[in-house]
>>> print(open('coords_27.cif').read())   # mmCIF, C-alpha atoms; chains and numbers go by the auth columns
data_my_file
#
loop_
_atom_site.group_PDB
_atom_site.id
_atom_site.type_symbol
_atom_site.label_atom_id
_atom_site.label_comp_id
_atom_site.label_asym_id
_atom_site.label_seq_id
_atom_site.Cartn_x
_atom_site.Cartn_y
_atom_site.Cartn_z
_atom_site.B_iso_or_equiv
_atom_site.auth_seq_id
_atom_site.auth_asym_id
ATOM 1 C CA MET A 1 127.526 95.489 71.727 0.00 1 A
ATOM 2 C CA SER A 2 126.764 98.463 74.005 0.00 2 A
ATOM 3 C CA GLU A 3 128.550 98.787 77.353 0.00 3 A
ATOM 4 C CA GLN A 4 126.084 98.512 80.245 0.00 4 A
ATOM 5 C CA GLY A 5 128.515 98.911 83.152 0.00 5 A
ATOM 6 C CA ILE A 6 130.454 96.721 85.551 0.00 6 A
ATOM 7 C CA LEU A 7 128.963 93.928 87.666 0.00 7 A
ATOM 8 C CA LEU A 8 130.298 91.963 90.613 0.00 8 A
ATOM 9 C CA PRO A 9 128.924 88.390 90.846 0.00 9 A
ATOM 10 C CA PHE A 10 128.574 87.003 94.385 0.00 10 A
ATOM 11 C CA TYR A 11 127.777 83.389 95.187 0.00 11 A
ATOM 12 C CA LEU A 12 126.924 81.703 98.467 0.00 12 A
ATOM 13 C CA VAL A 13 127.643 77.952 98.546 0.00 13 A
ATOM 14 C CA VAL A 14 126.103 76.147 101.535 0.00 14 A
ATOM 15 C CA ASP A 15 126.704 72.671 102.940 0.00 15 A
ATOM 16 C CA VAL A 16 123.268 71.051 103.364 0.00 16 A
ATOM 17 C CA SER A 17 124.438 67.675 104.656 0.00 17 A
ATOM 18 C CA TYR A 18 122.372 66.073 107.424 0.00 18 A
ATOM 19 C CA SER A 19 124.645 67.513 110.102 0.00 19 A
ATOM 20 C CA MET A 20 123.283 70.972 109.192 0.00 20 A
ATOM 21 C CA ASN A 21 119.764 70.004 110.287 0.00 21 A
ATOM 22 C CA GLY A 22 118.072 72.147 112.929 0.00 22 A
ATOM 23 C CA PRO A 23 119.122 75.645 114.045 0.00 23 A
ATOM 24 C CA LYS A 24 122.104 75.741 111.671 0.00 24 A
ATOM 25 C CA MET A 25 119.903 75.225 108.616 0.00 25 A
ATOM 26 C CA GLU A 26 117.281 77.600 109.976 0.00 26 A
ATOM 27 C CA GLN A 27 119.930 80.279 110.262 0.00 27 A
ATOM 28 C CA ALA A 28 121.384 79.498 106.835 0.00 28 A
ATOM 29 C CA ASN A 29 117.922 80.079 105.393 0.00 29 A
ATOM 30 C CA GLN A 30 117.933 83.604 106.814 0.00 30 A
ATOM 31 C CA ILE A 31 120.956 84.632 104.747 0.00 31 A
ATOM 32 C CA LEU A 32 119.272 85.070 101.370 0.00 32 A
ATOM 33 C CA PRO A 33 116.443 87.310 102.682 0.00 33 A
ATOM 34 C CA ALA A 34 118.994 89.342 104.635 0.00 34 A
ATOM 35 C CA VAL A 35 121.076 89.910 101.495 0.00 35 A
ATOM 36 C CA ALA A 36 117.948 90.908 99.560 0.00 36 A
ATOM 37 C CA ASP A 37 116.887 93.347 102.295 0.00 37 A
ATOM 38 C CA ALA A 38 120.334 94.932 102.468 0.00 38 A
ATOM 39 C CA LEU A 39 120.488 95.460 98.714 0.00 39 A
ATOM 40 C CA ALA A 40 116.913 96.779 98.590 0.00 40 A
ATOM 41 C CA LYS A 41 117.994 99.545 100.981 0.00 41 A
ATOM 42 C CA ALA A 42 120.964 100.425 98.760 0.00 42 A
ATOM 43 C CA PRO A 43 119.655 100.435 95.168 0.00 43 A
ATOM 44 C CA ILE A 44 122.735 102.193 93.783 0.00 44 A
ATOM 45 C CA LEU A 45 124.900 99.357 95.102 0.00 45 A
ATOM 46 C CA ALA A 46 122.382 96.685 94.125 0.00 46 A
ATOM 47 C CA ASP A 47 122.753 97.829 90.534 0.00 47 A
ATOM 48 C CA LYS A 48 126.382 96.635 90.639 0.00 48 A
ATOM 49 C CA VAL A 49 125.821 93.253 92.317 0.00 49 A
ATOM 50 C CA ARG A 50 124.400 89.939 91.162 0.00 50 A
ATOM 51 C CA PHE A 51 123.864 87.129 93.677 0.00 51 A
ATOM 52 C CA GLY A 52 123.461 83.359 93.363 0.00 52 A
ATOM 53 C CA LEU A 53 122.974 80.472 95.811 0.00 53 A
ATOM 54 C CA LEU A 54 124.189 76.877 95.468 0.00 54 A
ATOM 55 C CA ASP A 55 123.919 74.025 97.935 0.00 55 A
ATOM 56 C CA PHE A 56 125.798 70.758 98.168 0.00 56 A
ATOM 57 C CA SER A 57 125.722 67.397 99.904 0.00 57 A
ATOM 58 C CA ASP A 58 126.425 64.220 97.911 0.00 58 A
ATOM 59 C CA ASP A 59 125.637 66.353 94.862 0.00 59 A
ATOM 60 C CA ALA A 60 125.300 70.074 94.242 0.00 60 A
ATOM 61 C CA GLN A 61 122.357 72.157 93.052 0.00 61 A
ATOM 62 C CA VAL A 62 121.724 75.700 91.881 0.00 62 A
ATOM 63 C CA VAL A 63 119.147 76.988 94.367 0.00 63 A
ATOM 64 C CA LEU A 64 119.047 80.552 93.040 0.00 64 A
ATOM 65 C CA PRO A 65 120.598 81.369 89.657 0.00 65 A
ATOM 66 C CA LEU A 66 122.749 84.485 89.560 0.00 66 A
ATOM 67 C CA SER A 67 120.199 87.276 89.905 0.00 67 A
ATOM 68 C CA ASP A 68 119.411 90.902 90.465 0.00 68 A
ATOM 69 C CA MET A 69 118.180 90.478 94.037 0.00 69 A
ATOM 70 C CA THR A 70 115.887 93.501 93.915 0.00 70 A
ATOM 71 C CA GLY A 71 113.600 91.667 91.524 0.00 71 A
ATOM 72 C CA HIS A 72 112.804 88.626 93.696 0.00 72 A
ATOM 73 C CA GLN A 73 109.544 88.372 95.620 0.00 73 A
ATOM 74 C CA HIS A 74 109.754 84.709 96.651 0.00 74 A
ATOM 75 C CA LEU A 75 113.176 83.411 97.646 0.00 75 A
ATOM 76 C CA PRO A 76 113.982 79.674 97.701 0.00 76 A
ATOM 77 C CA LYS A 77 114.894 77.756 100.852 0.00 77 A
ATOM 78 C CA LEU A 78 117.599 75.214 101.588 0.00 78 A
ATOM 79 C CA ALA A 79 116.828 71.701 102.848 0.00 79 A
ATOM 80 C CA VAL A 80 119.149 69.053 104.271 0.00 80 A
ATOM 81 C CA ARG A 81 120.133 65.920 102.400 0.00 81 A
ATOM 82 C CA GLY A 82 123.091 63.539 102.081 0.00 82 A
ATOM 83 C CA GLY A 83 126.760 63.880 102.958 0.00 83 A
ATOM 84 C CA THR A 84 129.552 66.429 102.435 0.00 84 A
ATOM 85 C CA ASP A 85 131.115 66.298 98.965 0.00 85 A
ATOM 86 C CA PHE A 86 133.198 69.423 98.363 0.00 86 A
ATOM 87 C CA GLY A 87 134.084 68.108 94.906 0.00 87 A
ATOM 88 C CA ALA A 88 130.440 68.216 93.771 0.00 88 A
ATOM 89 C CA ALA A 89 130.224 71.826 94.941 0.00 89 A
ATOM 90 C CA PHE A 90 133.394 72.858 93.108 0.00 90 A
ATOM 91 C CA ARG A 91 132.360 71.150 89.855 0.00 91 A
ATOM 92 C CA THR A 92 128.923 72.739 89.811 0.00 92 A
ATOM 93 C CA LEU A 93 130.299 76.121 90.806 0.00 93 A
ATOM 94 C CA ARG A 94 132.817 76.043 87.962 0.00 94 A
ATOM 95 C CA GLU A 95 130.055 75.269 85.470 0.00 95 A
ATOM 96 C CA ARG A 96 127.938 78.141 86.762 0.00 96 A
ATOM 97 C CA LEU A 97 130.790 80.642 86.742 0.00 97 A
ATOM 98 C CA HIS A 98 131.639 79.732 83.160 0.00 98 A
ATOM 99 C CA GLN A 99 128.010 80.097 82.037 0.00 99 A
ATOM 100 C CA ASP A 100 127.159 83.167 84.093 0.00 100 A
ATOM 101 C CA VAL A 101 130.212 85.238 83.187 0.00 101 A
ATOM 102 C CA ALA A 102 129.781 84.372 79.510 0.00 102 A
ATOM 103 C CA GLN A 103 126.132 85.458 79.654 0.00 103 A
ATOM 104 C CA LEU A 104 126.860 88.721 81.458 0.00 104 A
ATOM 105 C CA ARG A 105 129.566 89.583 78.947 0.00 105 A
ATOM 106 C CA ALA A 106 127.247 88.697 76.059 0.00 106 A
ATOM 107 C CA ASP A 107 124.693 91.061 77.603 0.00 107 A
ATOM 108 C CA GLY A 108 127.218 93.884 77.400 0.00 108 A
ATOM 109 C CA PHE A 109 128.550 94.005 80.966 0.00 109 A
ATOM 110 C CA LYS A 110 132.093 94.088 82.197 0.00 110 A
ATOM 111 C CA VAL A 111 132.536 91.609 85.052 0.00 111 A
ATOM 112 C CA HIS A 112 134.666 91.808 88.191 0.00 112 A
ATOM 113 C CA ARG A 113 136.179 88.551 89.378 0.00 113 A
ATOM 114 C CA PRO A 114 133.390 86.499 91.018 0.00 114 A
ATOM 115 C CA ALA A 115 133.349 86.180 94.809 0.00 115 A
ATOM 116 C CA VAL A 116 132.240 82.976 96.562 0.00 116 A
ATOM 117 C CA PHE A 117 131.440 82.487 100.244 0.00 117 A
ATOM 118 C CA PHE A 118 131.670 78.769 101.024 0.00 118 A
ATOM 119 C CA LEU A 119 129.945 77.631 104.246 0.00 119 A
ATOM 120 C CA SER A 120 130.449 74.159 105.758 0.00 120 A
ATOM 121 C CA ASP A 121 130.045 72.530 109.159 0.00 121 A
ATOM 122 C CA GLY A 122 132.116 69.374 108.658 0.00 122 A
ATOM 123 C CA GLU A 123 134.968 67.516 107.020 0.00 123 A
ATOM 124 C CA PRO A 124 134.542 66.600 103.336 0.00 124 A
ATOM 125 C CA GLN A 125 134.503 63.234 101.667 0.00 125 A
ATOM 126 C CA PRO A 126 137.926 62.455 100.125 0.00 126 A
ATOM 127 C CA GLY A 127 138.913 63.256 96.566 0.00 127 A
ATOM 128 C CA TRP A 128 137.872 66.904 96.264 0.00 128 A
ATOM 129 C CA GLU A 129 141.321 68.360 95.565 0.00 129 A
ATOM 130 C CA ALA A 130 141.304 67.881 91.775 0.00 130 A
ATOM 131 C CA ASP A 131 137.944 69.642 91.469 0.00 131 A
ATOM 132 C CA PHE A 132 139.227 72.514 93.603 0.00 132 A
ATOM 133 C CA ALA A 133 142.288 72.826 91.383 0.00 133 A
ATOM 134 C CA ALA A 134 140.099 72.860 88.258 0.00 134 A
ATOM 135 C CA LEU A 135 138.080 75.706 89.802 0.00 135 A
ATOM 136 C CA THR A 136 140.956 77.848 91.036 0.00 136 A
ATOM 137 C CA GLU A 137 144.078 77.303 88.913 0.00 137 A
ATOM 138 C CA TYR A 138 144.877 79.667 86.043 0.00 138 A
ATOM 139 C CA ASP A 139 148.130 80.612 84.321 0.00 139 A
ATOM 140 C CA LYS A 140 147.767 84.072 82.796 0.00 140 A
ATOM 141 C CA GLN A 141 150.879 83.670 80.677 0.00 141 A
ATOM 142 C CA THR A 142 149.785 80.483 78.918 0.00 142 A
ATOM 143 C CA GLY A 143 146.014 80.807 79.292 0.00 143 A
ATOM 144 C CA GLN A 144 145.883 77.339 80.823 0.00 144 A
ATOM 145 C CA GLY A 145 143.267 76.651 83.503 0.00 145 A
ATOM 146 C CA PHE A 146 140.038 78.410 84.464 0.00 146 A
ATOM 147 C CA LYS A 147 140.149 82.120 83.606 0.00 147 A
ATOM 148 C CA TRP A 148 137.146 83.019 85.772 0.00 148 A
ATOM 149 C CA TYR A 149 138.420 81.440 88.970 0.00 149 A
ATOM 150 C CA PRO A 150 136.694 83.070 91.955 0.00 150 A
ATOM 151 C CA VAL A 151 137.876 84.765 95.092 0.00 151 A
ATOM 152 C CA LEU A 152 136.848 81.961 97.455 0.00 152 A
ATOM 153 C CA VAL A 153 136.123 82.813 101.110 0.00 153 A
ATOM 154 C CA PRO A 154 135.712 79.682 103.282 0.00 154 A
ATOM 155 C CA CYS A 155 133.516 79.897 106.392 0.00 155 A
ATOM 156 C CA GLY A 156 133.713 77.018 108.855 0.00 156 A
ATOM 157 C CA VAL A 157 131.422 76.189 111.770 0.00 157 A
ATOM 158 C CA ASP A 158 130.967 73.294 114.178 0.00 158 A
ATOM 159 C CA GLU A 159 133.051 70.296 113.007 0.00 159 A
ATOM 160 C CA ALA A 160 134.639 71.990 109.999 0.00 160 A
ATOM 161 C CA GLY A 161 138.400 71.513 110.297 0.00 161 A
ATOM 162 C CA ARG A 162 140.525 74.646 110.298 0.00 162 A
ATOM 163 C CA ASP A 163 143.341 72.942 108.378 0.00 163 A
ATOM 164 C CA THR A 164 140.951 71.762 105.661 0.00 164 A
ATOM 165 C CA MET A 165 139.191 75.114 105.381 0.00 165 A
ATOM 166 C CA ARG A 166 142.532 76.925 105.153 0.00 166 A
ATOM 167 C CA ARG A 167 143.243 75.011 101.959 0.00 167 A
ATOM 168 C CA LEU A 168 140.201 76.658 100.354 0.00 168 A
ATOM 169 C CA VAL A 169 141.416 80.241 100.801 0.00 169 A
ATOM 170 C CA HIS A 170 141.988 81.535 97.265 0.00 170 A
ATOM 171 C CA PRO A 171 143.732 83.608 96.140 0.00 171 A
ATOM 172 C CA TYR A 172 145.749 84.223 99.302 0.00 172 A
ATOM 173 C CA ARG A 173 146.260 87.926 98.683 0.00 173 A
ATOM 174 C CA ARG A 174 142.518 88.683 98.453 0.00 174 A
ATOM 175 C CA SER A 175 140.671 86.158 100.617 0.00 175 A
ATOM 176 C CA LYS A 176 140.496 85.145 104.287 0.00 176 A
ATOM 177 C CA LEU A 177 139.240 82.226 106.346 0.00 177 A
ATOM 178 C CA TYR A 178 136.389 82.784 108.802 0.00 178 A
ATOM 179 C CA MET A 179 135.967 80.187 111.556 0.00 179 A
ATOM 180 C CA MET A 180 133.577 79.744 114.466 0.00 180 A
ATOM 181 C CA ARG A 181 135.299 80.516 117.760 0.00 181 A
ATOM 182 C CA SER A 182 135.753 77.652 120.197 0.00 182 A
ATOM 183 C CA GLY A 183 132.699 77.380 122.452 0.00 183 A
ATOM 184 C CA ALA A 184 130.475 79.537 120.251 0.00 184 A
ATOM 185 C CA ASP A 185 127.030 78.447 119.083 0.00 185 A
ATOM 186 C CA ALA A 186 127.083 77.232 115.470 0.00 186 A
ATOM 187 C CA ALA A 187 123.845 78.974 114.495 0.00 187 A
ATOM 188 C CA ASP A 188 125.155 82.229 115.983 0.00 188 A
ATOM 189 C CA ALA A 189 128.358 81.779 113.989 0.00 189 A
ATOM 190 C CA ILE A 190 126.370 81.323 110.774 0.00 190 A
ATOM 191 C CA ARG A 191 124.469 84.514 111.583 0.00 191 A
ATOM 192 C CA ALA A 192 127.789 86.290 112.111 0.00 192 A
ATOM 193 C CA MET A 193 129.167 84.983 108.824 0.00 193 A
ATOM 194 C CA ALA A 194 126.052 86.304 107.098 0.00 194 A
ATOM 195 C CA GLU A 195 126.950 89.723 108.521 0.00 195 A
ATOM 196 C CA VAL A 196 130.427 89.398 107.015 0.00 196 A
ATOM 197 C CA LEU A 197 128.932 88.391 103.667 0.00 197 A
ATOM 198 C CA ILE A 198 126.495 91.303 103.628 0.00 198 A
ATOM 199 C CA SER A 199 129.196 93.769 104.674 0.00 199 A
ATOM 200 C CA SER A 200 131.347 92.474 101.838 0.00 200 A
ATOM 201 C CA VAL A 201 128.514 92.704 99.293 0.00 201 A
ATOM 202 C CA LEU A 202 127.773 96.322 100.245 0.00 202 A
ATOM 203 C CA ALA A 203 131.419 97.415 100.460 0.00 203 A
ATOM 204 C CA SER A 204 132.223 95.686 97.175 0.00 204 A
ATOM 205 C CA GLY A 205 129.230 97.294 95.505 0.00 205 A
ATOM 206 C CA GLN A 206 130.403 100.694 96.733 0.00 206 A
ATOM 207 C CA SER A 207 133.880 99.947 95.446 0.00 207 A
ATOM 208 C CA ALA A 208 132.426 99.167 92.024 0.00 208 A
ATOM 209 C CA VAL A 209 130.360 102.362 92.096 0.00 209 A
ATOM 210 C CA ASP A 210 133.527 104.299 92.897 0.00 210 A
ATOM 211 C CA GLY A 211 135.339 102.657 90.007 0.00 211 A
ATOM 212 C CA SER A 212 137.716 100.753 92.286 0.00 212 A
ATOM 213 C CA SER A 213 138.835 97.133 92.445 0.00 213 A
ATOM 214 C CA GLY A 214 135.522 95.527 93.399 0.00 214 A
ATOM 215 C CA PHE A 215 135.751 92.817 96.047 0.00 215 A
ATOM 216 C CA VAL A 216 136.187 94.019 99.645 0.00 216 A
ATOM 217 C CA LEU A 217 136.145 92.115 102.952 0.00 217 A
ATOM 218 C CA PRO A 218 135.395 93.816 106.300 0.00 218 A
ATOM 219 C CA ASP A 219 138.176 94.778 108.690 0.00 219 A
ATOM 220 C CA ARG A 220 139.030 92.432 111.553 0.00 220 A
ATOM 221 C CA SER A 221 137.691 95.058 113.986 0.00 221 A
ATOM 222 C CA GLN A 222 134.209 94.714 112.467 0.00 222 A
ATOM 223 C CA LEU A 223 133.840 90.984 113.129 0.00 223 A
ATOM 224 C CA PRO A 224 131.067 89.705 115.426 0.00 224 A
ATOM 225 C CA PRO A 225 132.375 87.916 118.554 0.00 225 A
ATOM 226 C CA SER A 226 131.292 84.382 117.590 0.00 226 A
ATOM 227 C CA ILE A 227 133.782 84.101 114.696 0.00 227 A
ATOM 228 C CA ASP A 228 137.415 84.898 114.049 0.00 228 A
ATOM 229 C CA VAL A 229 139.398 85.553 110.912 0.00 229 A
ATOM 230 C CA ASP A 230 142.416 83.430 110.102 0.00 230 A
ATOM 231 C CA ASP A 231 144.765 85.439 107.919 0.00 231 A
ATOM 232 C CA ASP A 232 148.038 85.912 109.831 0.00 232 A
ATOM 233 C CA TRP A 233 149.403 82.648 108.454 0.00 233 A
ATOM 234 C CA LEU A 234 149.093 84.027 104.920 0.00 234 A
ATOM 235 C CA LYS A 235 151.687 86.753 105.479 0.00 235 A
#
>>> encode(input="coords_27.cif", output="structure tokens")
Amino acid sequence: MSEQGILLPFYLVVDVSYSMNGPKMEQANQILPAVADALAKAPILADKVRFGLLDFSDDAQVVLPLSDMTGHQHLPKLAVRGGTDFGAAFRTLRERLHQDVAQLRADGFKVHRPAVFFLSDGEPQPGWEADFAALTEYDKQTGQGFKWYPVLVPCGVDEAGRDTMRRLVHPYRRSKLYMMRSGADAADAIRAMAEVLISSVLASGQSAVDGSSGFVLPDRSQLPPSIDVDDDWLK
């Protein structure tokens, strides 16, 4: 098997429950084209990045399989449906990570740890914790758990609870929580979180090009005013 280089898989997971209807969903549907445009302007970085989109409500769906974004002419759109089941999102995401990483490795690539931006505007239905543990827990010494657990970056807007979203930060040393500031507009906050995502994709791609560690998040000083980063509690 010939070595084709190192790739960094990014995933965006979006809550499409009915509470997202209107400007929030309209703004969420601008994220994928914005990512594609940013990578098209940086082909050297785009060569290191693959991007996928999942949505979730009462179930979860793969909206865009993990892809080379420079090759897409017609991008899919999100549509609202159902409630807010985090567990469905985590189960489907785990399945995709397992399949996608295996395929990339079979194709001859080395793979950085996947990065997932998880966007929600509300509190989840109960019972998601076991699915989150199945996605994120891994013991390197024994090999027990999910080897390809992601760096998971939660992004909360509107009625998303800070305490709940904090529980999704994983692993603590590499991720952060992004939350809409009190009084901000939710659609503006989603736009701002898209800026964070794109900054991370580009910086991570550059890191991979440079032969460094891969996943990078922007500095606090670079954040748009409608969101804040919650990371002091991790220290």
>>> residues_around(input="coords_27.cif", residues="stretch 173-181 of chain A", least_positions_apart="5", cutoff="6 Å", atoms="all atoms listed in the file", output="PDB file with C-alpha atoms, in the frame of the given file")
ATOM      1  CA  VAL A 153     136.123  82.813 101.110  1.00  0.00           C
ATOM      2  CA  PRO A 154     135.712  79.682 103.282  1.00  0.00           C
ATOM      3  CA  CYS A 155     133.516  79.897 106.392  1.00  0.00           C
ATOM      4  CA  GLY A 156     133.713  77.018 108.855  1.00  0.00           C
ATOM      5  CA  VAL A 157     131.422  76.189 111.770  1.00  0.00           C
ATOM      6  CA  ALA A 189     128.358  81.779 113.989  1.00  0.00           C
ATOM      7  CA  SER A 226     131.292  84.382 117.590  1.00  0.00           C
ATOM      8  CA  ILE A 227     133.782  84.101 114.696  1.00  0.00           C
ATOM      9  CA  ASP A 228     137.415  84.898 114.049  1.00  0.00           C
ATOM     10  CA  VAL A 229     139.398  85.553 110.912  1.00  0.00           C
ATOM     11  CA  ASP A 230     142.416  83.430 110.102  1.00  0.00           C
ATOM     12  CA  ASP A 231     144.765  85.439 107.919  1.00  0.00           C
TER      13      ASP A 231
END
>>> closest_residue(input="coords_27.cif", among="A:Ala102, A:Gly87, A:Gly211, A:Leu78", to="A:Gly22", atoms="all atoms listed in the file")
A:Leu78
>>> residues_around(input="coords_27.cif", residues="A:Pro65", least_positions_apart="3", cutoff="7 Å", atoms="all atoms listed in the file", output="list of chain:residue names")
A:Gly52, A:Leu53, A:Val62
>>> write_last_selection(input="coords_27.cif", atoms="C-alpha atoms", output="compact mmCIF listing (two decimals), in the coordinates of the input")
# COMPACT_ATOMS: atom_id res chain seq x y z
CA GLY A 52 123.46 83.36 93.36
CA LEU A 53 122.97 80.47 95.81
CA VAL A 62 121.72 75.70 91.88
>>> atom_distance(input="coords_27.cif", atom1="atom CA of A:Ser204", atom2="atom CA of A:Asp139")
25.4 Å
>>> residues_around(input="coords_27.cif", residues="A:Gly5", least_positions_apart="4", cutoff="10 Å", atoms="only C-alpha atoms", output="number ranges by chain")
A: 47-48, 108-111, 208-209
>>> write_last_selection(input="coords_27.cif", atoms="C-alpha atoms", output="PDB file, in the frame of the given file")
ATOM      1  CA  ASP A  47     122.753  97.829  90.534  1.00  0.00           C
ATOM      2  CA  LYS A  48     126.382  96.635  90.639  1.00  0.00           C
ATOM      3  CA  GLY A 108     127.218  93.884  77.400  1.00  0.00           C
ATOM      4  CA  PHE A 109     128.550  94.005  80.966  1.00  0.00           C
ATOM      5  CA  LYS A 110     132.093  94.088  82.197  1.00  0.00           C
ATOM      6  CA  VAL A 111     132.536  91.609  85.052  1.00  0.00           C
ATOM      7  CA  ALA A 208     132.426  99.167  92.024  1.00  0.00           C
ATOM      8  CA  VAL A 209     130.360 102.362  92.096  1.00  0.00           C
TER       9      VAL A 209
END
>>> atom_distance(input="coords_27.cif", atom1="atom CA of A:Ala88", atom2="atom CA of A:Pro23")
24.4 Å
>>> residues_around(input="coords_27.cif", residues="stretch 127-137 of chain A", least_positions_apart="5", cutoff="10 Å", atoms="all atoms listed in the file", output="list in words")
Asp85, Phe86, Gly87, Ala88, Ala89, Phe90, Arg91, Thr92, Leu93, Arg94, Glu95, Leu97, Gln144, Gly145, Phe146, Lys147, Trp148, Tyr149, Pro150, Val151, Leu152, Arg167, Leu168, His170 and Pro171 of chain A
>>> atom_distance(input="coords_27.cif", atom1="atom CA of A:Val14", atom2="atom CA of A:Val80")
10.3 Å
>>> decode(input="coords_27.cif", residues="stretch 38-58 of chain A", atoms="N, CA and C atoms", output="PDB file, in the first residue's frame")
ATOM      1  N   ALA A  38     -13.816  28.691   1.258  1.00  0.00           N
ATOM      2  CA  ALA A  38     -12.544  28.913   1.938  1.00  0.00           C
ATOM      3  C   ALA A  38     -11.484  27.912   1.476  1.00  0.00           C
ATOM      4  N   LEU A  39     -11.870  26.661   1.324  1.00  0.00           N
ATOM      5  CA  LEU A  39     -10.914  25.650   0.893  1.00  0.00           C
ATOM      6  C   LEU A  39     -10.556  25.802  -0.582  1.00  0.00           C
ATOM      7  N   ALA A  40     -11.509  26.282  -1.396  1.00  0.00           N
ATOM      8  CA  ALA A  40     -11.214  26.500  -2.812  1.00  0.00           C
ATOM      9  C   ALA A  40     -10.137  27.573  -2.997  1.00  0.00           C
ATOM     10  N   LYS A  41     -10.086  28.520  -2.062  1.00  0.00           N
ATOM     11  CA  LYS A  41      -9.093  29.594  -2.135  1.00  0.00           C
ATOM     12  C   LYS A  41      -7.746  29.177  -1.558  1.00  0.00           C
ATOM     13  N   ALA A  42      -7.700  27.996  -0.968  1.00  0.00           N
ATOM     14  CA  ALA A  42      -6.452  27.503  -0.351  1.00  0.00           C
ATOM     15  C   ALA A  42      -6.246  26.047  -0.743  1.00  0.00           C
ATOM     16  N   PRO A  43      -5.969  25.776  -2.024  1.00  0.00           N
ATOM     17  CA  PRO A  43      -5.920  24.385  -2.496  1.00  0.00           C
ATOM     18  C   PRO A  43      -4.852  23.539  -1.814  1.00  0.00           C
ATOM     19  N   ILE A  44      -3.753  24.153  -1.375  1.00  0.00           N
ATOM     20  CA  ILE A  44      -2.727  23.376  -0.686  1.00  0.00           C
ATOM     21  C   ILE A  44      -3.264  22.839   0.636  1.00  0.00           C
ATOM     22  N   LEU A  45      -4.063  23.669   1.329  1.00  0.00           N
ATOM     23  CA  LEU A  45      -4.669  23.233   2.582  1.00  0.00           C
ATOM     24  C   LEU A  45      -5.805  22.249   2.320  1.00  0.00           C
ATOM     25  N   ALA A  46      -6.581  22.524   1.279  1.00  0.00           N
ATOM     26  CA  ALA A  46      -7.719  21.658   0.956  1.00  0.00           C
ATOM     27  C   ALA A  46      -7.267  20.227   0.703  1.00  0.00           C
ATOM     28  N   ASP A  47      -6.049  20.073   0.219  1.00  0.00           N
ATOM     29  CA  ASP A  47      -5.517  18.748  -0.060  1.00  0.00           C
ATOM     30  C   ASP A  47      -5.330  17.929   1.211  1.00  0.00           C
ATOM     31  N   LYS A  48      -5.291  18.602   2.369  1.00  0.00           N
ATOM     32  CA  LYS A  48      -5.082  17.920   3.646  1.00  0.00           C
ATOM     33  C   LYS A  48      -6.375  17.686   4.420  1.00  0.00           C
ATOM     34  N   VAL A  49      -7.481  18.253   3.961  1.00  0.00           N
ATOM     35  CA  VAL A  49      -8.724  18.256   4.737  1.00  0.00           C
ATOM     36  C   VAL A  49      -9.813  17.484   4.004  1.00  0.00           C
ATOM     37  N   ARG A  50     -10.577  16.711   4.762  1.00  0.00           N
ATOM     38  CA  ARG A  50     -11.824  16.132   4.270  1.00  0.00           C
ATOM     39  C   ARG A  50     -12.943  16.613   5.192  1.00  0.00           C
ATOM     40  N   PHE A  51     -14.135  16.829   4.639  1.00  0.00           N
ATOM     41  CA  PHE A  51     -15.211  17.447   5.413  1.00  0.00           C
ATOM     42  C   PHE A  51     -16.510  16.683   5.199  1.00  0.00           C
ATOM     43  N   GLY A  52     -17.239  16.459   6.309  1.00  0.00           N
ATOM     44  CA  GLY A  52     -18.532  15.790   6.244  1.00  0.00           C
ATOM     45  C   GLY A  52     -19.569  16.526   7.073  1.00  0.00           C
ATOM     46  N   LEU A  53     -20.840  16.348   6.746  1.00  0.00           N
ATOM     47  CA  LEU A  53     -21.946  17.008   7.440  1.00  0.00           C
ATOM     48  C   LEU A  53     -22.983  15.977   7.848  1.00  0.00           C
ATOM     49  N   LEU A  54     -23.353  15.994   9.135  1.00  0.00           N
ATOM     50  CA  LEU A  54     -24.441  15.179   9.664  1.00  0.00           C
ATOM     51  C   LEU A  54     -25.471  16.102  10.286  1.00  0.00           C
ATOM     52  N   ASP A  55     -26.728  15.676  10.283  1.00  0.00           N
ATOM     53  CA  ASP A  55     -27.740  16.399  11.048  1.00  0.00           C
ATOM     54  C   ASP A  55     -28.406  15.437  12.022  1.00  0.00           C
ATOM     55  N   PHE A  56     -29.136  16.002  12.976  1.00  0.00           N
ATOM     56  CA  PHE A  56     -29.850  15.136  13.914  1.00  0.00           C
ATOM     57  C   PHE A  56     -31.076  15.851  14.453  1.00  0.00           C
ATOM     58  N   SER A  57     -32.076  15.034  14.745  1.00  0.00           N
ATOM     59  CA  SER A  57     -33.292  15.469  15.450  1.00  0.00           C
ATOM     60  C   SER A  57     -33.707  14.281  16.315  1.00  0.00           C
ATOM     61  N   ASP A  58     -34.821  13.605  15.953  1.00  0.00           N
ATOM     62  CA  ASP A  58     -35.150  12.351  16.628  1.00  0.00           C
ATOM     63  C   ASP A  58     -34.292  11.204  16.114  1.00  0.00           C
TER      64      ASP A  58
END
